[in-house]
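Engineer: Can you keep this structure in mind? I'll have questions shortly.
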Amino acid sequence: MTPAGPLTPGQERLWFLHRLDPGDASYNMPIALRIHGPLDAAALRRALVEIVDRHDVLRSRFAEEDGSPVCVVVQEGIPLEHREASLEEVREWVAGLANEPFDLANGPVARFALFRIAQDDHVLCLVMHHIVADGWSVDVLLRELADLYEAFIEGRPSPLPPLPIRYADHVRRSRDEATATRTAYWTGVLEDAPPLELPTDRPRPATRSARGAQVHREIPPDLVKTLESLARAERATVFMVFLAAFQILLARHCGQRDVTIATPIIARGRVDTERLIGYFTGLIMLRTEISGDILFRDLLRITRNTCLRAYDQGELPFGAPFQAMFMYMRTQSERPRLADLTVEIFDSGLATAKTDLSLDIYQGPTLTGLTFTYDTDLFDPETIADLATRFLTLLSGISTQPDTKISRLPLLPPAERALLASWAGDQAAETGAVDEVVVLGGAPDSVAIECAGRRLTYRGLARRIDELAAVLLARGIGPSQVVGVRLGRSIDLVATLLAIWRTGAAYLAIDPEYPAERVDHLLSDSEASLIISDASEVERLTSAVDPPDMWIRESHPAYVIYTSGSTGTPKGVVVERRSVAARVRWMADAYGLKPGDRVAQFAALSFDAHVEEIFPALAAGATVVMVPDGGRSFPDFLRTPEGRQVTVLDLPTAYWHELVRDLDGLAWPDGLRLVILGGEQVAADAVRTWRQRFGDRVRLVNTYGPTETTVVATAADLDGPGNPPIGRPIGETTVHVTDEYGELVPVGVAGELLIGGIGVARGYLGQPRLTAERFVPDPEGQPGSRLYRTGDRVRWLRDGQLEFLGRLDDQVKVRGFRVEPGEIQSCLATHPGVRQAVVTVRDGDLIAYVDGTADHDDLRRHVSMALPPHLLPTHWVNVDGFPLTANGKLDRAALPAPATSAGAYIPPRSEAEELVAEIWADVLGLDRVGAGDDFFTLGGHSLLATRVIARIRHAADLAVPVRTLFTRRTVAEFALAVEAILEEAERCPTS
């Protein structure tokens, strides 16, 4: 046994990763060869023994001394296991060898096996841990194996010359050559580098399993030749072309401009290392600012310069997290040789992934292939297969259009583009004039409206509409004028709205509870011709007036409704008659409304949901039942005779969430068959609770639609697991998901939702500039058609439904990182002690508001195990339910401010905290460490973490997993974990 020696920085990183998760086999390097012909097994065994004796790194063990790794070379060789088996058994055993973790401390660090399927049919499996070999080493091993085997079967001695140096000599030399300048360079490059936010199929699990799979593709030879020509023209390499293309692929999938990718470099800068087996691979991090407005040729030049600077500095001297890796390798042969035997690559069945996503490109003399390796905890096979197809589409576009802006380079293959077109919806509107927005569909004597014990039949409603319309006309109200309506819930409210439409005018929805100043602003801004503000005013509008001749067009406004503006000034949305008529048609049909249905009218007039509650019901001949005080009296309303007979409810999602909290305490109508939700993201746990109570008896529909698209644009029946989607486009509606440059994004990728079709509003009243900004021309639509830019982030799911991801303007920067509060909210919602969570930003800090029973320490641990550190909230606030606006939506402005802390030093409060704080201070070189201090915020990193664990072991004779320090980052949290492990050890002592 040789004395203990040091490791290279790259080996230290692999050693630490092994300590962090000893069961991780993702750094195994399997080579499996199928050999046809008369194999001499004895000569093969002798050749392998020679190679192991020659390259002592294969006999290494990697132990620990005082928290630091050391390498020890032992004398024991690596036996060649020999078995006879069927082909199916061989596949199973090879996969087992490839995926079995190594024990680096006790060894061996390589395993060899030979399987005999038949007399002239064998499979050789060689597996090494990456810490003792790299891709170049595999070529060395196979070349030496071939030379030795051929010599031994011919009776000749080893033809291999002595090695000029040992691997340990390289290690010592490389450590001597490490400089502070290199560390400073890489520290500067990676400062504030944002994590790569890959769109995954599933949330990131609390503990990474390292399970992986691969997708393979071949790059056509003609395409490779064209890309090589492009590289030569720009004084670059084809590696740089592939790298730049991969950067574009990631940037467009992640919606990021700042992209960092890890790539290995071969640290064999001296001739005497060329024939060594060992880990010479270092990592460099290539960080590039990618703007969609630059040409690919310009990006290639930037990539070239980035690579040259990185190569000049050499490998990263410290560990750094990364989510994506790229590797390019050029080989001189496409299959190994072994004398005159026929040798083929045999699938090793390796099922691990080193990181979220990696791309390897292998270029041989005639064939070039690419392999995407992915984390199966995060991605489905279909997702990565699509990614590979898009990469080939992108490469093809680069080859023919290198002077194209990278945002315009083709990414979607024709099949996916056609699929998105089929999901986009149909905006063809039904023909025919819209003289009446709503044609009353009920029998004359059936009840149209109920309110507080009063009833109005369809016959009575029609008569009342005629009366009111005649008087409005007599007062000069006509097409395109605006009539303010500030009425409470009453039978005359519905008749007034329909009468205004009869005249061709539009109504301005005004909540009776609006303050006078806001009402004055709405009336002034809309230039309303008349305001109807109370029931007595309606009564003064008498009948017996002959209406004049009118030209009512379908493009005339139907209503004006004001929404909150981002500047704080409300803006009026003008919705046309044809839009409302189309929505009424769709709702009546899609919701299955019919005579006998009783639809509760819950929404305030200032909330466009009232359109969905009132007019489709009347068109279908159903009864509209007015809820006297909306949300204030709704639970009481359900206990009344009118409430007990309701069959259809249309509720704001946030309000429905509150009702679900007390599901069994409410008097739900026996005949309830449909509940329509809208306005907020639906919580999955609320849906589960609802289904447990009602099963499939009550249909639950999630709707989505900004005010600017006439109430509803997409809808989904909530009948499956997972995050509730917002569905598919409804009739006469189109939807598109685009990136910041207006290009369609692929399936699964987040983008802005654009809505087209007949429901798109005319625009903002009196604000042409804002209208032009938000309502843009539809390049795929008919002349004059437009798309409304919602500002909402969504993505297409693989089943053709849309998933809501939050607002674009909710994206914030916190300490230099882009943060999506919705991602943190979704993570918190998976905790069993959380009913609902909302995350906001105040003064640069993330604030988590939680309605539930979980304590803050538990929630902090829950989030830290699933999300990166920059997504951990700074402050936690418990709430008993969330404040709602008058329309039943979440009132973010009313959320309480957190109790702030100045971050003062908190001295250790227990013996365990004192021990942990003392060790941390010593390892980190600090004067003192407090109970609330975070190890990594104080400057800790992976190797220092192993020193802490070693110090704990020596001080308390306690084995604490390294991973604990990554999930329990503060002194207080880590001390609690240490105490728990100590208690468990005392309770269950080892024998």
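FYI, nothing fancy with the structure tokens labels: chains A, B, ... in order, residues from 1 per chain, ligands from 1 as they appear.
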Can you list, as a PyMOL selection string, every protein, DNA or RNA residue that comes within 8 Å of Ile730 (chain A) when you count only C-alpha atoms, leaving out same-chain residues fewer than 5 positions away?

Structural biologist: chain A and resi 425+586+712-715

Engineer: Residues within 9 Å of His55 (chain A), please, as a list of chain:residue names. Count only C-alpha atoms; anything in the same chain fewer than 6 positions from it doesn't count.

Structural biologist: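 Residues near the query, excluding close chain neighbours: A:Leu163, A:Arg166, A:Tyr167, A:Leu276, A:Ile277, A:Gly278.
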
Engineer: So that I can check the surroundings of Leu895 (chain A), please list as number ranges by chain every protein, DNA and RNA residue that reaches within 12 Å of it, counting only C-alpha atoms and ignoring chain neighbours fewer than 5 positions away.

Structural biologist: A: 837-842, 847-850, 877-885, 890

Engineer: Give me, please, the distance in Å between CA of Ala972 (chain A) and CA of Asp845 (chain A), quoted to one decimal.

Structural biologist: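 Result for CA of Ala972 (chain A) versus CA of Asp845 (chain A): 21.5 Å, one decimal.
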
Engineer: As a ChimeraX atom specification, please: the residues near Ala233 (chain A) (cut-off 12 Å, only C-alpha atoms, same-chain neighbours under 6 positions excluded).

Structural biologist: /A:226-227,241,297,300-301,402

Engineer: For Thr709 (chain A), list every protein, DNA or RNA residue within 8 Å, evaluated using only C-alpha atoms, and leave out those in the same chain fewer than 4 positions away; present the list as number ranges by chain.

Structural biologist: A: 705, 713, 755, 759-761, 788

Engineer: Could you turn the residues from that selection into a file that holds N, CA and C atoms, as a PDB file, in the first residue's frame?

Structural biologist:
```
ATOM      1  N   GLY A 705     -60.286  33.662 -18.132  1.00  0.00           N
ATOM      2  CA  GLY A 705     -60.530  34.667 -19.144  1.00  0.00           C
ATOM      3  C   GLY A 705     -60.390  36.063 -18.581  1.00  0.00           C
ATOM      4  N   ALA A 713     -62.185  32.508 -21.815  1.00  0.00           N
ATOM      5  CA  ALA A 713     -61.469  32.174 -23.050  1.00  0.00           C
ATOM      6  C   ALA A 713     -61.089  30.702 -23.106  1.00  0.00           C
ATOM      7  N   ILE A 755     -54.647  35.728 -26.776  1.00  0.00           N
ATOM      8  CA  ILE A 755     -55.995  35.225 -27.054  1.00  0.00           C
ATOM      9  C   ILE A 755     -56.578  35.983 -28.231  1.00  0.00           C
ATOM     10  N   GLY A 759     -64.136  36.866 -29.037  1.00  0.00           N
ATOM     11  CA  GLY A 759     -64.273  37.408 -27.685  1.00  0.00           C
ATOM     12  C   GLY A 759     -63.363  38.572 -27.367  1.00  0.00           C
ATOM     13  N   VAL A 760     -62.385  38.851 -28.214  1.00  0.00           N
ATOM     14  CA  VAL A 760     -61.444  39.936 -27.922  1.00  0.00           C
ATOM     15  C   VAL A 760     -62.172  41.279 -27.922  1.00  0.00           C
ATOM     16  N   ALA A 761     -61.975  42.023 -26.851  1.00  0.00           N
ATOM     17  CA  ALA A 761     -62.669  43.306 -26.696  1.00  0.00           C
ATOM     18  C   ALA A 761     -62.187  44.314 -27.734  1.00  0.00           C
ATOM     19  N   TYR A 788     -55.117  39.493 -27.948  1.00  0.00           N
ATOM     20  CA  TYR A 788     -54.930  40.220 -26.694  1.00  0.00           C
ATOM     21  C   TYR A 788     -53.771  39.591 -25.934  1.00  0.00           C
TER      22      TYR A 788
END
```

Engineer: Need to verify the contact set: Ala912 (chain A), 9 Å, only C-alpha atoms, exclusion of same-chain residues closer than 2 positions in sequence. Can you return it as a PDB file with N, CA and C atoms, in the first residue's frame?

Structural biologist:
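The new file out00.pdb reads:
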```
ATOM      1  N   PRO A 908     -25.894  31.030  20.712  1.00  0.00           N
ATOM      2  CA  PRO A 908     -26.331  29.633  20.871  1.00  0.00           C
ATOM      3  C   PRO A 908     -27.061  29.444  22.194  1.00  0.00           C
ATOM      4  N   ARG A 909     -28.124  28.616  22.154  1.00  0.00           N
ATOM      5  CA  ARG A 909     -29.011  28.488  23.312  1.00  0.00           C
ATOM      6  C   ARG A 909     -28.976  27.110  23.943  1.00  0.00           C
ATOM      7  N   SER A 910     -28.184  26.191  23.411  1.00  0.00           N
ATOM      8  CA  SER A 910     -28.098  24.841  23.973  1.00  0.00           C
ATOM      9  C   SER A 910     -26.689  24.322  23.760  1.00  0.00           C
ATOM     10  N   GLU A 914     -24.064  25.290  20.814  1.00  0.00           N
ATOM     11  CA  GLU A 914     -22.724  25.796  21.125  1.00  0.00           C
ATOM     12  C   GLU A 914     -21.655  24.989  20.397  1.00  0.00           C
ATOM     13  N   LEU A 915     -21.812  23.653  20.389  1.00  0.00           N
ATOM     14  CA  LEU A 915     -20.834  22.807  19.710  1.00  0.00           C
ATOM     15  C   LEU A 915     -20.818  23.093  18.211  1.00  0.00           C
ATOM     16  N   VAL A 916     -21.991  23.168  17.606  1.00  0.00           N
ATOM     17  CA  VAL A 916     -22.086  23.410  16.167  1.00  0.00           C
ATOM     18  C   VAL A 916     -21.525  24.793  15.826  1.00  0.00           C
ATOM     19  N   ALA A 917     -21.899  25.798  16.597  1.00  0.00           N
ATOM     20  CA  ALA A 917     -21.426  27.161  16.324  1.00  0.00           C
ATOM     21  C   ALA A 917     -19.905  27.253  16.444  1.00  0.00           C
ATOM     22  N   ALA A 972     -29.148  26.414  14.389  1.00  0.00           N
ATOM     23  CA  ALA A 972     -30.254  25.859  15.175  1.00  0.00           C
ATOM     24  C   ALA A 972     -30.814  24.598  14.520  1.00  0.00           C
ATOM     25  N   PHE A 974     -29.338  22.580  12.283  1.00  0.00           N
ATOM     26  CA  PHE A 974     -28.357  21.499  12.247  1.00  0.00           C
ATOM     27  C   PHE A 974     -28.158  20.900  13.642  1.00  0.00           C
ATOM     28  N   ALA A 975     -28.183  21.740  14.667  1.00  0.00           N
ATOM     29  CA  ALA A 975     -28.039  21.239  16.041  1.00  0.00           C
ATOM     30  C   ALA A 975     -29.200  20.314  16.401  1.00  0.00           C
ATOM     31  N   LEU A 976     -30.409  20.667  15.981  1.00  0.00           N
ATOM     32  CA  LEU A 976     -31.564  19.791  16.234  1.00  0.00           C
ATOM     33  C   LEU A 976     -31.383  18.442  15.538  1.00  0.00           C
ATOM     34  N   VAL A 978     -28.509  17.022  14.775  1.00  0.00           N
ATOM     35  CA  VAL A 978     -27.456  16.301  15.501  1.00  0.00           C
ATOM     36  C   VAL A 978     -28.030  15.656  16.764  1.00  0.00           C
ATOM     37  N   GLU A 979     -28.851  16.408  17.494  1.00  0.00           N
ATOM     38  CA  GLU A 979     -29.467  15.859  18.702  1.00  0.00           C
ATOM     39  C   GLU A 979     -30.362  14.665  18.373  1.00  0.00           C
TER      40      GLU A 979
END
```

Engineer: Taking the DSSP secondary structure from the backbone, can you list the residues of region 351-390 of chain A that are helix (DSSP H, G or I), as a ChimeraX atom specification?

Structural biologist: /A:381-390

Engineer: Identify, with DSSP run on backbone atoms, the residues in region 230-314 of chain A assigned to strand (DSSP E), and express the list as a PyMOL selection string.

Structural biologist: chain A and resi 258-266+281-289

Engineer: What lies within 10 Å of Gln256 (chain A) using only C-alpha atoms, ignoring chain neighbours under 4 positions off, as number ranges by chain?

Structural biologist: A: 194-198, 248, 250-252, 289-291, 818

Engineer: So what do you get for CA of Pro652 (chain A) versus CA of Asp426 (chain A), distance-wise?

Structural biologist: 27.1 Å

Engineer: How many Å separate CA of Asp792 (chain A) from CA of Leu808 (chain A)?

Structural biologist: 5.6 Å

Engineer: Tell me which of A:Val494, A:Ile384, A:Ala206, A:Leu659 sits closest to Val747 (chain A), counting only C-alpha atoms.

Structural biologist: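 Between A:Val494, A:Ile384, A:Ala206, A:Leu659, the residue approaching Val747 (chain A) most closely is A:Ile384.
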
Engineer: From the options A:Val485, A:Val923, A:Trp423, A:Val687, which residue's atoms come nearest to Gly800 (chain A), counting only C-alpha atoms?

Structural biologist: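 Ranking A:Val485, A:Val923, A:Trp423, A:Val687 by distance to Gly800 (chain A), first place goes to A:Trp423.
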